[in-house]
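Coordinates as given in data18.csv (CSV, C-alpha atoms):
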chain,number,residue,atom,x,y,z
A,1,MET,CA,115.1,58.2,111.1
A,2,ASN,CA,112.8,55.3,112.0
A,3,GLN,CA,115.0,52.9,113.9
A,4,HIS,CA,112.4,50.1,113.7
A,5,VAL,CA,112.6,49.7,109.9
A,6,THR,CA,115.5,47.9,108.3
A,7,MET,CA,116.5,49.2,104.9
A,8,PRO,CA,116.9,46.4,102.4
A,9,SER,CA,120.5,45.9,101.3
A,10,GLU,CA,119.6,46.8,97.6
A,11,VAL,CA,118.3,50.1,98.8
A,12,GLN,CA,121.3,50.8,101.0
A,13,GLU,CA,123.6,49.9,98.0
A,14,PHE,CA,121.7,52.4,95.9
A,15,TYR,CA,122.7,55.2,98.2
A,16,ASN,CA,126.2,53.8,98.6
A,17,ALA,CA,126.7,53.7,94.8
A,18,ILE,CA,125.6,57.3,94.4
A,19,ASN,CA,127.5,58.7,97.5
A,20,GLN,CA,130.7,56.9,96.5
A,21,TYR,CA,130.4,57.7,92.8
A,22,GLN,CA,130.1,54.2,91.5
A,23,PRO,CA,128.0,54.3,88.3
A,24,GLU,CA,128.8,50.7,87.4
A,25,ALA,CA,127.6,49.4,90.7
A,26,PHE,CA,124.5,51.7,90.5
A,27,ILE,CA,123.2,50.3,87.3
A,28,GLU,CA,123.7,46.7,88.4
A,29,LEU,CA,121.2,47.3,91.2
A,30,PHE,CA,118.3,47.5,88.7
A,31,THR,CA,116.3,44.7,87.0
A,32,PRO,CA,116.5,44.7,83.2
A,33,GLY,CA,112.9,46.0,82.9
A,34,ALA,CA,113.2,48.5,85.7
A,35,SER,CA,111.7,51.9,85.6
A,36,VAL,CA,112.4,55.2,87.4
A,37,LYS,CA,109.7,57.8,87.8
A,38,ASP,CA,111.5,61.1,88.6
A,39,ASN,CA,108.9,63.8,89.5
A,40,GLY,CA,106.5,62.5,86.8
A,41,LYS,CA,109.1,61.7,84.1
A,42,GLU,CA,109.4,58.0,83.4
A,43,ILE,CA,112.8,56.4,82.6
A,44,ALA,CA,112.4,52.8,81.4
A,45,GLY,CA,115.0,50.1,81.1
A,46,ARG,CA,118.6,49.9,82.3
A,47,GLU,CA,120.2,51.7,79.4
A,48,ALA,CA,117.9,54.8,80.0
A,49,ILE,CA,118.3,54.5,83.7
A,50,GLN,CA,122.1,54.5,83.3
A,51,ALA,CA,121.9,57.7,81.1
A,52,TRP,CA,119.6,59.3,83.6
A,53,GLY,CA,121.9,58.4,86.5
A,54,GLU,CA,124.8,59.9,84.8
A,55,SER,CA,123.1,63.2,83.9
A,56,GLU,CA,121.1,63.7,87.0
A,57,LEU,CA,123.2,62.1,89.7
A,58,PHE,CA,126.8,61.4,88.9
A,59,SER,CA,127.6,64.5,86.8
A,60,ALA,CA,126.1,66.7,89.5
A,61,LYS,CA,128.1,64.9,92.2
A,62,VAL,CA,124.9,64.2,94.1
A,63,ARG,CA,125.2,62.9,97.7
A,64,TYR,CA,122.3,61.8,99.8
A,65,THR,CA,121.8,61.8,103.6
A,66,ILE,CA,119.0,59.5,104.7
A,67,MET,CA,116.5,61.1,107.0
A,68,GLU,CA,113.7,58.6,107.3
A,69,ILE,CA,112.7,55.0,106.2
A,70,GLU,CA,109.2,53.7,106.0
A,71,GLU,CA,107.8,50.3,104.9
A,72,SER,CA,104.6,50.3,103.0
A,73,GLY,CA,103.4,46.8,101.9
A,74,GLU,CA,105.8,45.7,99.1
A,75,SER,CA,107.7,48.9,99.0
A,76,VAL,CA,110.2,50.9,101.1
A,77,ALA,CA,110.1,54.7,101.1
A,78,VAL,CA,113.2,56.7,102.0
A,79,THR,CA,113.3,60.4,102.6
A,80,ALA,CA,116.7,61.7,101.8
A,81,GLU,CA,118.3,65.1,101.6
A,82,MET,CA,120.2,65.8,98.4
A,83,GLU,CA,123.4,67.8,98.1
A,84,GLY,CA,125.6,68.3,95.0
A,85,GLU,CA,126.6,70.6,92.2
A,86,PHE,CA,123.2,71.2,90.6
A,87,ASN,CA,120.8,74.2,90.1
A,88,LYS,CA,119.4,74.6,93.6
A,89,ASN,CA,116.9,77.1,92.4
A,90,ARG,CA,114.9,74.2,90.8
A,91,VAL,CA,114.2,72.6,94.2
A,92,PRO,CA,113.3,74.4,97.5
A,93,ALA,CA,115.8,74.1,100.4
A,94,PRO,CA,116.4,71.8,102.0
A,95,GLN,CA,116.4,69.4,99.0
A,96,LEU,CA,114.3,66.6,100.4
A,97,PHE,CA,113.2,63.8,98.2
A,98,ARG,CA,111.0,60.7,98.8
A,99,HIS,CA,112.4,57.6,97.1
A,100,GLU,CA,109.9,54.7,96.9
A,101,PHE,CA,111.5,51.4,96.0
A,102,LYS,CA,110.1,48.2,94.9
A,103,VAL,CA,112.6,45.3,95.0
A,104,ARG,CA,112.2,42.1,93.2
A,105,SER,CA,114.6,39.1,93.2
A,106,GLY,CA,117.3,41.2,94.9
A,107,LYS,CA,117.2,44.1,92.4
A,108,ILE,CA,115.3,47.4,92.2
A,109,SER,CA,112.3,47.0,89.8
A,110,LEU,CA,110.7,50.4,90.4
A,111,LEU,CA,111.9,53.7,91.9
A,112,ASN,CA,109.5,56.6,92.3
A,113,ILE,CA,111.0,59.9,93.2
A,114,THR,CA,109.0,62.9,94.4
A,115,LEU,CA,109.7,66.1,96.3
A,116,LYS,CA,109.1,65.7,100.0
Can I see the file as structure tokens?
Amino acid sequence: MNQHVTMPSEVQEFYNAINQYQPEAFIELFTPGASVKDNGKEIAGREAIQAWGESELFSAKVRYTIMEIEESGESVAVTAEMEGEFNKNRVPAPQLFRHEFKVRSGKISLLNITLK
């Protein structure tokens, strides 16, 4: 992990909410007009993000281990290894994902998720 980059608190809270199974705290981290791009699929708005979080993260008991943090202009990118109760045949092992966050006014406005 890059020790010279400080993770914004909103981004740390994102991982805390997932790892500690807190769906209510999770959705509060997003702006009303936020969007998530999950490997090309766009999820727009908090209601859709909440449904996506439940089906893709919370129902699969996903947990993340942060591997690397990078700053890039206005965004922060985090590489994290994912564990949980999901079809591991869909993603090569180890399950490494790159999460690129844009934070605005203390909330996540954009999250782009890609395989690492």
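Our summary of the geometry notes that CA of Glu71 (chain A) is positioned 18.1 Å from CA of Leu115 (chain A).
Excluding Thr114 (chain A) itself and any same-chain residue fewer than 6 positions from it, the protein and nucleic acid residues within 7 Å of it, counting all atoms listed in the file, are Asp38, Asn39, Phe97, Arg98 and His99 of chain A.
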Only C-alpha atoms, please: the residues just picked out, written as a compact mmCIF listing (two decimals), in the coordinates of the input.
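Below is the file result23.txt, written as the result:
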# COMPACT_ATOMS: atom_id res chain seq x y z
CA ASP A 38 111.50 61.10 88.60
CA ASN A 39 108.90 63.80 89.50
CA PHE A 97 113.20 63.80 98.20
CA ARG A 98 111.00 60.70 98.80
CA HIS A 99 112.40 57.60 97.10
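With only C-alpha atoms as the basis for measurement, A:Gln95 is the residue among A:Ser109, A:Ser55, A:Gln22, A:Gln95 that approaches Met67 (chain A) most closely.
Shortest separation to Val11 (chain A) among A:Glu81, A:Glu68, A:Glu100, A:Glu42 occurs at residue A:Glu100, atoms counted being only C-alpha atoms.
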Next on the checklist: I need every residue sitting at most 10 Å from the point (116.0, 55.7, 85.1) (coordinates as in the file, all atoms listed in the file considered), written as an MDAnalysis selection string.
Outcome noted: chainID A and resid 27 30 34:38 41:54 56 110:112
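Shortest atom-to-atom contact with Phe26 (chain A) among A:Ile66, A:Ile108, A:Met7, A:Leu96: A:Ile108, counting all atoms listed in the file.
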Item to check | Nearest to Arg63 (chain A) by atom-to-atom distance, counting only C-alpha atoms, from A:Ser9, A:Gln20, A:Ser75, A:Thr31 | outcome: A:Gln20
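CA of Val78 (chain A) is positioned 10.1 Å from CA of Thr65 (chain A).
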Item to check | From A:Tyr64, A:Gly40, A:Lys102, A:Gln12, residue lying nearest Thr79 (chain A) [all atoms listed in the file] | outcome: A:Tyr64
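Atom to atom, CA of Glu13 (chain A) and CA of Ala60 (chain A) stand 19.0 Å apart.
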Checklist entry - A:Leu57, A:Gly33, A:Ser105, A:Lys116: which is nearest Tyr15 (chain A), counting all atoms listed in the file? => result A:Leu57
